[in-house]
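Shown below: upload30.pdb, with PDB, N, CA, C and O atoms.
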```pdb
ATOM      1  N   MET Z  19      10.575  12.424  -2.915
ATOM      2  CA  MET Z  19      10.470  11.450  -3.986
ATOM      3  C   MET Z  19      10.027  10.098  -3.416
ATOM      4  O   MET Z  19      10.549   9.633  -2.416
ATOM      5  N   GLN Z  20       9.067   9.495  -4.051
ATOM      6  CA  GLN Z  20       8.521   8.206  -3.622
ATOM      7  C   GLN Z  20       9.494   7.074  -3.969
ATOM      8  O   GLN Z  20      10.047   7.037  -5.059
ATOM      9  N   MET Z  21       9.692   6.168  -3.041
ATOM     10  CA  MET Z  21      10.540   5.005  -3.291
ATOM     11  C   MET Z  21       9.721   3.935  -4.013
ATOM     12  O   MET Z  21       8.540   3.770  -3.747
ATOM     13  N   THR Z  22      10.384   3.205  -4.896
ATOM     14  CA  THR Z  22       9.716   2.089  -5.551
ATOM     15  C   THR Z  22       9.690   0.897  -4.598
ATOM     16  O   THR Z  22      10.443   0.847  -3.613
ATOM     17  N   ARG Z  23       8.844  -0.071  -4.900
ATOM     18  CA  ARG Z  23       8.772  -1.280  -4.067
ATOM     19  C   ARG Z  23      10.120  -2.002  -4.041
ATOM     20  O   ARG Z  23      10.538  -2.511  -3.007
ATOM     21  N   ASN Z  24      10.825  -2.020  -5.167
ATOM     22  CA  ASN Z  24      12.140  -2.663  -5.218
ATOM     23  C   ASN Z  24      13.152  -1.941  -4.339
ATOM     24  O   ASN Z  24      13.971  -2.588  -3.679
ATOM     25  N   GLU Z  25      13.113  -0.615  -4.322
ATOM     26  CA  GLU Z  25      14.016   0.156  -3.462
ATOM     27  C   GLU Z  25      13.714  -0.112  -1.988
ATOM     28  O   GLU Z  25      14.633  -0.265  -1.173
ATOM     29  N   ILE Z  26      12.429  -0.174  -1.661
ATOM     30  CA  ILE Z  26      12.030  -0.491  -0.283
ATOM     31  C   ILE Z  26      12.515  -1.887   0.082
ATOM     32  O   ILE Z  26      13.076  -2.094   1.164
ATOM     33  N   ALA Z  27      12.337  -2.842  -0.817
ATOM     34  CA  ALA Z  27      12.757  -4.225  -0.563
ATOM     35  C   ALA Z  27      14.258  -4.316  -0.331
ATOM     36  O   ALA Z  27      14.711  -5.047   0.563
ATOM     37  N   GLU Z  28      15.041  -3.591  -1.091
ATOM     38  CA  GLU Z  28      16.501  -3.621  -0.921
ATOM     39  C   GLU Z  28      16.913  -3.052   0.433
ATOM     40  O   GLU Z  28      17.774  -3.598   1.116
ATOM     41  N   LYS Z  29      16.298  -1.944   0.834
ATOM     42  CA  LYS Z  29      16.582  -1.367   2.152
ATOM     43  C   LYS Z  29      16.141  -2.317   3.265
ATOM     44  O   LYS Z  29      16.813  -2.466   4.279
ATOM     45  N   LEU Z  30      14.994  -2.950   3.054
ATOM     46  CA  LEU Z  30      14.476  -3.877   4.058
ATOM     47  C   LEU Z  30      15.412  -5.069   4.219
ATOM     48  O   LEU Z  30      15.624  -5.551   5.334
ATOM     49  N   LYS Z  31      16.001  -5.531   3.137
ATOM     50  CA  LYS Z  31      16.982  -6.626   3.223
ATOM     51  C   LYS Z  31      18.167  -6.228   4.093
ATOM     52  O   LYS Z  31      18.679  -7.036   4.859
ATOM     53  N   ASP Z  32      18.586  -4.976   3.995
ATOM     54  CA  ASP Z  32      19.676  -4.488   4.859
ATOM     55  C   ASP Z  32      19.268  -4.534   6.327
ATOM     56  O   ASP Z  32      20.062  -4.897   7.198
ATOM     57  N   VAL Z  33      18.013  -4.170   6.598
ATOM     58  CA  VAL Z  33      17.501  -4.219   7.976
ATOM     59  C   VAL Z  33      17.496  -5.662   8.478
ATOM     60  O   VAL Z  33      17.945  -5.948   9.596
ATOM     61  N   PHE Z  34      17.001  -6.593   7.659
ATOM     62  CA  PHE Z  34      16.989  -8.006   8.049
ATOM     63  C   PHE Z  34      18.403  -8.520   8.287
ATOM     64  O   PHE Z  34      18.651  -9.276   9.224
ATOM     65  N   LYS Z  35      19.329  -8.116   7.446
ATOM     66  CA  LYS Z  35      20.722  -8.549   7.582
ATOM     67  C   LYS Z  35      21.279  -8.125   8.937
ATOM     68  O   LYS Z  35      21.957  -8.891   9.614
ATOM     69  N   MET Z  36      20.965  -6.896   9.359
ATOM     70  CA  MET Z  36      21.419  -6.408  10.658
ATOM     71  C   MET Z  36      20.736  -7.171  11.797
ATOM     72  O   MET Z  36      21.364  -7.492  12.801
ATOM     73  N   ALA Z  37      19.451  -7.469  11.643
ATOM     74  CA  ALA Z  37      18.694  -8.119  12.713
ATOM     75  C   ALA Z  37      19.077  -9.577  12.897
ATOM     76  O   ALA Z  37      19.138 -10.076  14.018
ATOM     77  N   VAL Z  38      19.321 -10.279  11.809
ATOM     78  CA  VAL Z  38      19.580 -11.719  11.870
ATOM     79  C   VAL Z  38      21.070 -12.008  12.011
ATOM     80  O   VAL Z  38      21.464 -13.032  12.555
ATOM     81  N   GLY Z  39      21.905 -11.117  11.529
ATOM     82  CA  GLY Z  39      23.345 -11.294  11.636
ATOM     83  C   GLY Z  39      23.862 -12.363  10.693
ATOM     84  O   GLY Z  39      23.413 -12.490   9.561
ATOM     85  N   SER Z  40      24.779 -13.165  11.186
ATOM     86  CA  SER Z  40      25.447 -14.156  10.333
ATOM     87  C   SER Z  40      24.498 -15.248   9.843
ATOM     88  O   SER Z  40      24.794 -15.929   8.866
ATOM     89  N   ALA Z  41      23.349 -15.410  10.488
ATOM     90  CA  ALA Z  41      22.378 -16.430  10.062
ATOM     91  C   ALA Z  41      21.523 -15.963   8.883
ATOM     92  O   ALA Z  41      20.750 -16.741   8.342
ATOM     93  N   TYR Z  42      21.691 -14.718   8.465
ATOM     94  CA  TYR Z  42      20.887 -14.160   7.380
ATOM     95  C   TYR Z  42      21.215 -14.844   6.058
ATOM     96  O   TYR Z  42      22.364 -15.006   5.685
ATOM     97  N   ASP Z  43      20.177 -15.245   5.339
ATOM     98  CA  ASP Z  43      20.317 -15.858   4.024
ATOM     99  C   ASP Z  43      19.473 -15.055   3.042
ATOM    100  O   ASP Z  43      18.255 -15.169   3.030
ATOM    101  N   GLU Z  44      20.128 -14.237   2.227
ATOM    102  CA  GLU Z  44      19.414 -13.340   1.316
ATOM    103  C   GLU Z  44      18.536 -14.104   0.328
ATOM    104  O   GLU Z  44      17.501 -13.613  -0.100
ATOM    105  N   GLU Z  45      18.918 -15.317  -0.015
ATOM    106  CA  GLU Z  45      18.125 -16.133  -0.934
ATOM    107  C   GLU Z  45      16.735 -16.430  -0.360
ATOM    108  O   GLU Z  45      15.774 -16.572  -1.095
ATOM    109  N   LYS Z  46      16.642 -16.534   0.966
ATOM    110  CA  LYS Z  46      15.358 -16.822   1.616
ATOM    111  C   LYS Z  46      14.502 -15.584   1.805
ATOM    112  O   LYS Z  46      13.315 -15.691   2.101
ATOM    113  N   CYS Z  47      15.087 -14.411   1.651
ATOM    114  CA  CYS Z  47      14.374 -13.156   1.919
ATOM    115  C   CYS Z  47      13.574 -12.730   0.697
ATOM    116  O   CYS Z  47      13.920 -11.798  -0.013
ATOM    117  N   THR Z  48      12.471 -13.441   0.464
ATOM    118  CA  THR Z  48      11.561 -13.124  -0.627
ATOM    119  C   THR Z  48      10.264 -12.590  -0.034
ATOM    120  O   THR Z  48      10.041 -12.705   1.175
ATOM    121  N   GLU Z  49       9.392 -12.058  -0.870
ATOM    122  CA  GLU Z  49       8.142 -11.485  -0.367
ATOM    123  C   GLU Z  49       7.251 -12.510   0.318
ATOM    124  O   GLU Z  49       6.492 -12.171   1.210
ATOM    125  N   ASP Z  50       7.353 -13.768  -0.071
ATOM    126  CA  ASP Z  50       6.503 -14.782   0.552
ATOM    127  C   ASP Z  50       7.211 -15.543   1.674
ATOM    128  O   ASP Z  50       6.684 -16.529   2.188
ATOM    129  N   ALA Z  51       8.370 -15.054   2.090
ATOM    130  CA  ALA Z  51       9.096 -15.685   3.201
ATOM    131  C   ALA Z  51       8.440 -15.328   4.530
ATOM    132  O   ALA Z  51       8.093 -14.167   4.780
ATOM    133  N   ASN Z  52       8.277 -16.348   5.380
ATOM    134  CA  ASN Z  52       7.728 -16.152   6.713
ATOM    135  C   ASN Z  52       8.835 -15.606   7.620
ATOM    136  O   ASN Z  52       9.952 -16.128   7.625
ATOM    137  N   LEU Z  53       8.512 -14.572   8.377
ATOM    138  CA  LEU Z  53       9.516 -13.924   9.226
ATOM    139  C   LEU Z  53      10.105 -14.867  10.265
ATOM    140  O   LEU Z  53      11.296 -14.808  10.556
ATOM    141  N   VAL Z  54       9.282 -15.746  10.811
ATOM    142  CA  VAL Z  54       9.739 -16.633  11.880
ATOM    143  C   VAL Z  54      10.299 -17.937  11.330
ATOM    144  O   VAL Z  54      11.442 -18.298  11.602
ATOM    145  N   THR Z  55       9.496 -18.637  10.533
ATOM    146  CA  THR Z  55       9.921 -19.972  10.100
ATOM    147  C   THR Z  55      10.973 -19.951   8.994
ATOM    148  O   THR Z  55      11.861 -20.805   8.975
ATOM    149  N   ASP Z  56      10.899 -18.990   8.072
ATOM    150  CA  ASP Z  56      11.863 -18.947   6.969
ATOM    151  C   ASP Z  56      13.115 -18.137   7.297
ATOM    152  O   ASP Z  56      14.218 -18.515   6.929
ATOM    153  N   LEU Z  57      12.925 -16.997   7.973
ATOM    154  CA  LEU Z  57      14.060 -16.129   8.269
ATOM    155  C   LEU Z  57      14.624 -16.345   9.672
ATOM    156  O   LEU Z  57      15.670 -15.806   9.999
ATOM    157  N   GLY Z  58      13.927 -17.097  10.491
ATOM    158  CA  GLY Z  58      14.435 -17.426  11.813
ATOM    159  C   GLY Z  58      14.405 -16.295  12.819
ATOM    160  O   GLY Z  58      15.188 -16.279  13.764
ATOM    161  N   LEU Z  59      13.490 -15.352  12.629
ATOM    162  CA  LEU Z  59      13.413 -14.235  13.567
ATOM    163  C   LEU Z  59      12.676 -14.635  14.841
ATOM    164  O   LEU Z  59      11.637 -15.285  14.784
ATOM    165  N   SER Z  60      13.217 -14.222  15.957
ATOM    166  CA  SER Z  60      12.543 -14.395  17.248
ATOM    167  C   SER Z  60      11.686 -13.155  17.485
ATOM    168  O   SER Z  60      11.723 -12.196  16.707
ATOM    169  N   SER Z  61      10.927 -13.159  18.569
ATOM    170  CA  SER Z  61      10.125 -11.976  18.889
ATOM    171  C   SER Z  61      11.028 -10.768  19.123
ATOM    172  O   SER Z  61      10.678  -9.642  18.747
ATOM    173  N   VAL Z  62      12.194 -10.987  19.695
ATOM    174  CA  VAL Z  62      13.150  -9.896  19.903
ATOM    175  C   VAL Z  62      13.675  -9.406  18.554
ATOM    176  O   VAL Z  62      13.814  -8.203  18.328
ATOM    177  N   GLY Z  63      13.937 -10.326  17.639
ATOM    178  CA  GLY Z  63      14.393  -9.959  16.305
ATOM    179  C   GLY Z  63      13.357  -9.138  15.560
ATOM    180  O   GLY Z  63      13.690  -8.169  14.879
ATOM    181  N   ILE Z  64      12.096  -9.522  15.692
ATOM    182  CA  ILE Z  64      11.018  -8.768  15.044
ATOM    183  C   ILE Z  64      10.915  -7.370  15.646
ATOM    184  O   ILE Z  64      10.762  -6.386  14.931
ATOM    185  N   LEU Z  65      11.044  -7.278  16.963
ATOM    186  CA  LEU Z  65      11.024  -5.973  17.621
ATOM    187  C   LEU Z  65      12.176  -5.107  17.120
ATOM    188  O   LEU Z  65      11.994  -3.919  16.823
ATOM    189  N   TYR Z  66      13.343  -5.692  16.990
ATOM    190  CA  TYR Z  66      14.495  -4.960  16.473
ATOM    191  C   TYR Z  66      14.215  -4.466  15.049
ATOM    192  O   TYR Z  66      14.537  -3.335  14.698
ATOM    193  N   ILE Z  67      13.597  -5.309  14.229
ATOM    194  CA  ILE Z  67      13.275  -4.920  12.860
ATOM    195  C   ILE Z  67      12.291  -3.761  12.842
ATOM    196  O   ILE Z  67      12.429  -2.821  12.059
ATOM    197  N   VAL Z  68      11.287  -3.797  13.712
ATOM    198  CA  VAL Z  68      10.316  -2.698  13.787
ATOM    199  C   VAL Z  68      11.045  -1.386  14.084
ATOM    200  O   VAL Z  68      10.833  -0.375  13.410
ATOM    201  N   ILE Z  69      11.932  -1.410  15.064
ATOM    202  CA  ILE Z  69      12.676  -0.202  15.437
ATOM    203  C   ILE Z  69      13.570   0.253  14.284
ATOM    204  O   ILE Z  69      13.603   1.434  13.937
ATOM    205  N   ALA Z  70      14.275  -0.688  13.657
ATOM    206  CA  ALA Z  70      15.171  -0.351  12.559
ATOM    207  C   ALA Z  70      14.404   0.186  11.353
ATOM    208  O   ALA Z  70      14.845   1.142  10.701
ATOM    209  N   VAL Z  71      13.250  -0.407  11.048
ATOM    210  CA  VAL Z  71      12.437   0.061   9.925
ATOM    211  C   VAL Z  71      11.958   1.490  10.187
ATOM    212  O   VAL Z  71      11.984   2.339   9.294
ATOM    213  N   GLU Z  72      11.539   1.761  11.422
ATOM    214  CA  GLU Z  72      11.113   3.123  11.762
ATOM    215  C   GLU Z  72      12.250   4.115  11.509
ATOM    216  O   GLU Z  72      12.033   5.192  10.957
ATOM    217  N   GLU Z  73      13.472   3.741  11.901
ATOM    218  CA  GLU Z  73      14.635   4.609  11.708
ATOM    219  C   GLU Z  73      14.996   4.754  10.231
ATOM    220  O   GLU Z  73      15.192   5.854   9.739
ATOM    221  N   PHE Z  74      15.104   3.635   9.524
ATOM    222  CA  PHE Z  74      15.513   3.636   8.117
ATOM    223  C   PHE Z  74      14.537   4.392   7.228
ATOM    224  O   PHE Z  74      14.950   5.103   6.323
ATOM    225  N   PHE Z  75      13.252   4.186   7.465
ATOM    226  CA  PHE Z  75      12.237   4.727   6.568
ATOM    227  C   PHE Z  75      11.528   5.964   7.109
ATOM    228  O   PHE Z  75      10.715   6.564   6.410
ATOM    229  N   GLY Z  76      11.782   6.334   8.369
ATOM    230  CA  GLY Z  76      11.150   7.520   8.944
ATOM    231  C   GLY Z  76       9.652   7.373   9.115
ATOM    232  O   GLY Z  76       8.906   8.327   8.895
ATOM    233  N   ILE Z  77       9.201   6.170   9.485
ATOM    234  CA  ILE Z  77       7.775   5.917   9.696
ATOM    235  C   ILE Z  77       7.557   5.430  11.120
ATOM    236  O   ILE Z  77       8.508   5.075  11.806
ATOM    237  N   GLN Z  78       6.304   5.408  11.546
ATOM    238  CA  GLN Z  78       5.929   4.903  12.868
ATOM    239  C   GLN Z  78       4.954   3.747  12.713
ATOM    240  O   GLN Z  78       4.012   3.829  11.929
ATOM    241  N   PHE Z  79       5.179   2.686  13.461
ATOM    242  CA  PHE Z  79       4.249   1.552  13.496
ATOM    243  C   PHE Z  79       3.212   1.848  14.577
ATOM    244  O   PHE Z  79       3.257   1.304  15.661
ATOM    245  N   ASP Z  80       2.288   2.739  14.263
ATOM    246  CA  ASP Z  80       1.345   3.188  15.275
ATOM    247  C   ASP Z  80      -0.043   2.574  15.152
ATOM    248  O   ASP Z  80      -0.871   2.741  16.020
ATOM    249  N   ASP Z  81      -0.296   1.834  14.105
ATOM    250  CA  ASP Z  81      -1.638   1.308  13.912
ATOM    251  C   ASP Z  81      -1.647  -0.188  13.612
ATOM    252  O   ASP Z  81      -2.501  -0.685  12.905
ATOM    253  N   VAL Z  82      -0.654  -0.897  14.154
ATOM    254  CA  VAL Z  82      -0.545  -2.338  13.916
ATOM    255  C   VAL Z  82      -0.258  -3.064  15.224
ATOM    256  O   VAL Z  82       0.231  -2.481  16.176
ATOM    257  N   GLY Z  83      -0.558  -4.358  15.217
ATOM    258  CA  GLY Z  83      -0.238  -5.210  16.341
ATOM    259  C   GLY Z  83       0.947  -6.088  16.016
ATOM    260  O   GLY Z  83       1.374  -6.197  14.868
ATOM    261  N   PHE Z  84       1.452  -6.746  17.027
ATOM    262  CA  PHE Z  84       2.652  -7.569  16.877
ATOM    263  C   PHE Z  84       2.462  -8.674  15.844
ATOM    264  O   PHE Z  84       3.368  -8.972  15.081
ATOM    265  N   GLY Z  85       1.290  -9.258  15.770
ATOM    266  CA  GLY Z  85       1.058 -10.372  14.859
ATOM    267  C   GLY Z  85       0.590  -9.988  13.467
ATOM    268  O   GLY Z  85       0.239 -10.851  12.668
ATOM    269  N   ASP Z  86       0.585  -8.697  13.150
ATOM    270  CA  ASP Z  86       0.093  -8.248  11.847
ATOM    271  C   ASP Z  86       1.033  -8.573  10.693
ATOM    272  O   ASP Z  86       0.637  -8.518   9.543
ATOM    273  N   PHE Z  87       2.276  -8.868  11.006
ATOM    274  CA  PHE Z  87       3.263  -9.143   9.972
ATOM    275  C   PHE Z  87       3.710 -10.586  10.063
ATOM    276  O   PHE Z  87       4.383 -10.977  11.003
ATOM    277  N   ARG Z  88       3.321 -11.363   9.068
ATOM    278  CA  ARG Z  88       3.705 -12.771   9.022
ATOM    279  C   ARG Z  88       4.768 -12.995   7.958
ATOM    280  O   ARG Z  88       5.715 -13.737   8.156
ATOM    281  N   LEU Z  89       4.619 -12.288   6.830
ATOM    282  CA  LEU Z  89       5.507 -12.457   5.684
ATOM    283  C   LEU Z  89       6.306 -11.181   5.415
ATOM    284  O   LEU Z  89       5.887 -10.086   5.794
ATOM    285  N   VAL Z  90       7.415 -11.332   4.722
ATOM    286  CA  VAL Z  90       8.199 -10.171   4.306
ATOM    287  C   VAL Z  90       7.317  -9.235   3.478
ATOM    288  O   VAL Z  90       7.371  -8.013   3.635
ATOM    289  N   GLY Z  91       6.469  -9.787   2.622
ATOM    290  CA  GLY Z  91       5.570  -8.977   1.802
ATOM    291  C   GLY Z  91       4.616  -8.131   2.629
ATOM    292  O   GLY Z  91       4.269  -7.018   2.225
ATOM    293  N   ASP Z  92       4.196  -8.642   3.804
ATOM    294  CA  ASP Z  92       3.335  -7.856   4.697
ATOM    295  C   ASP Z  92       4.060  -6.596   5.166
ATOM    296  O   ASP Z  92       3.471  -5.516   5.242
ATOM    297  N   VAL Z  93       5.327  -6.745   5.499
ATOM    298  CA  VAL Z  93       6.131  -5.609   5.947
ATOM    299  C   VAL Z  93       6.315  -4.622   4.796
ATOM    300  O   VAL Z  93       6.169  -3.414   4.979
ATOM    301  N   LEU Z  94       6.620  -5.137   3.608
ATOM    302  CA  LEU Z  94       6.764  -4.276   2.428
ATOM    303  C   LEU Z  94       5.489  -3.494   2.147
ATOM    304  O   LEU Z  94       5.547  -2.282   1.875
ATOM    305  N   ASP Z  95       4.345  -4.175   2.207
ATOM    306  CA  ASP Z  95       3.059  -3.514   1.970
ATOM    307  C   ASP Z  95       2.852  -2.366   2.948
ATOM    308  O   ASP Z  95       2.416  -1.277   2.569
ATOM    309  N   TYR Z  96       3.149  -2.629   4.228
ATOM    310  CA  TYR Z  96       2.941  -1.621   5.257
ATOM    311  C   TYR Z  96       3.856  -0.414   5.032
ATOM    312  O   TYR Z  96       3.405   0.741   5.094
ATOM    313  N   ILE Z  97       5.121  -0.671   4.763
ATOM    314  CA  ILE Z  97       6.081   0.428   4.533
ATOM    315  C   ILE Z  97       5.647   1.252   3.324
ATOM    316  O   ILE Z  97       5.628   2.486   3.371
ATOM    317  N   GLU Z  98       5.271   0.564   2.255
ATOM    318  CA  GLU Z  98       4.841   1.235   1.039
ATOM    319  C   GLU Z  98       3.631   2.147   1.311
ATOM    320  O   GLU Z  98       3.576   3.295   0.872
ATOM    321  N   LYS Z  99       2.680   1.623   2.090
ATOM    322  CA  LYS Z  99       1.473   2.395   2.424
ATOM    323  C   LYS Z  99       1.830   3.620   3.281
ATOM    324  O   LYS Z  99       1.342   4.713   3.022
ATOM    325  N   LYS Z 100       2.687   3.426   4.258
ATOM    326  CA  LYS Z 100       3.059   4.530   5.146
ATOM    327  C   LYS Z 100       3.843   5.610   4.402
ATOM    328  O   LYS Z 100       3.654   6.798   4.663
ATOM    329  N   LEU Z 101       4.717   5.210   3.492
ATOM    330  CA  LEU Z 101       5.505   6.197   2.748
ATOM    331  C   LEU Z 101       4.641   6.993   1.774
ATOM    332  O   LEU Z 101       4.979   8.119   1.434
ATOM    333  N   ALA Z 102       3.535   6.403   1.342
ATOM    334  CA  ALA Z 102       2.640   7.081   0.405
ATOM    335  C   ALA Z 102       1.760   8.123   1.095
ATOM    336  O   ALA Z 102       1.169   8.975   0.420
ATOM    337  N   GLN Z 103       1.660   8.067   2.406
ATOM    338  CA  GLN Z 103       0.792   9.009   3.141
ATOM    339  C   GLN Z 103       1.400  10.380   3.225
ATOM    340  O   GLN Z 103       2.547  10.592   3.244
TER     341      GLN Z 103
END
```
Can you dump the structure from the file as structure tokens?
Amino acid sequence: MQMTRNEIAEKLKDVFKMAVGSAYDEEKCTEDANLVTDLGLSSVGILYIVIAVEEFFGIQFDDVGFGDFRLVGDVLDYIEKKLAQ
């Protein structure tokens, strides 16, 4: 069964919550939020999110570079595309 974008977004928020820890602010986690400046993710945090997303969603980040994801919406788009394949 295909997940809706809202279902993907809710799961992704859980991943961000784990990656950022107590500094996580769900109000800031919108599709146009910048991963670094708005959510405060470091390069290590982004790497952790990549690994967690692969586990949570059962996908592989095999065709992207480190700088391909700037916004939360970019990550959502990628997950949505991979799940549709």
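Closest approach to Tyr42 (chain Z) among Z:Asp92, Z:Asp56, Z:Asp81, Z:Glu25 is made by Z:Asp56 (distances from only N, CA, C and O atoms).
Considering the residues Z:Val33, Z:Ile77, Z:Ala102, Z:Arg88 and counting only N, CA, C and O atoms, Gln20 (chain Z) has its shortest atom-to-atom contact with Z:Ala102.
For the pair CA of Met36 (chain Z) and CA of Gly83 (chain Z), the interatomic distance is 22.4 Å.
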Taking all atoms of region 54-67 of chain Z that the file lists and extending 3 Å past them on each side, where is the centre of the axis-aligned box and how long are its edges? Answer in Å to one decimal, as JSON.
```
{"center_x": 12.5, "center_y": -11.8, "center_z": 13.4, "size_x": 12.4, "size_y": 24.0, "size_z": 19.0}
```
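For the pair CA of Glu49 (chain Z) and CA of Asp95 (chain Z), the separation is 9.7 Å.
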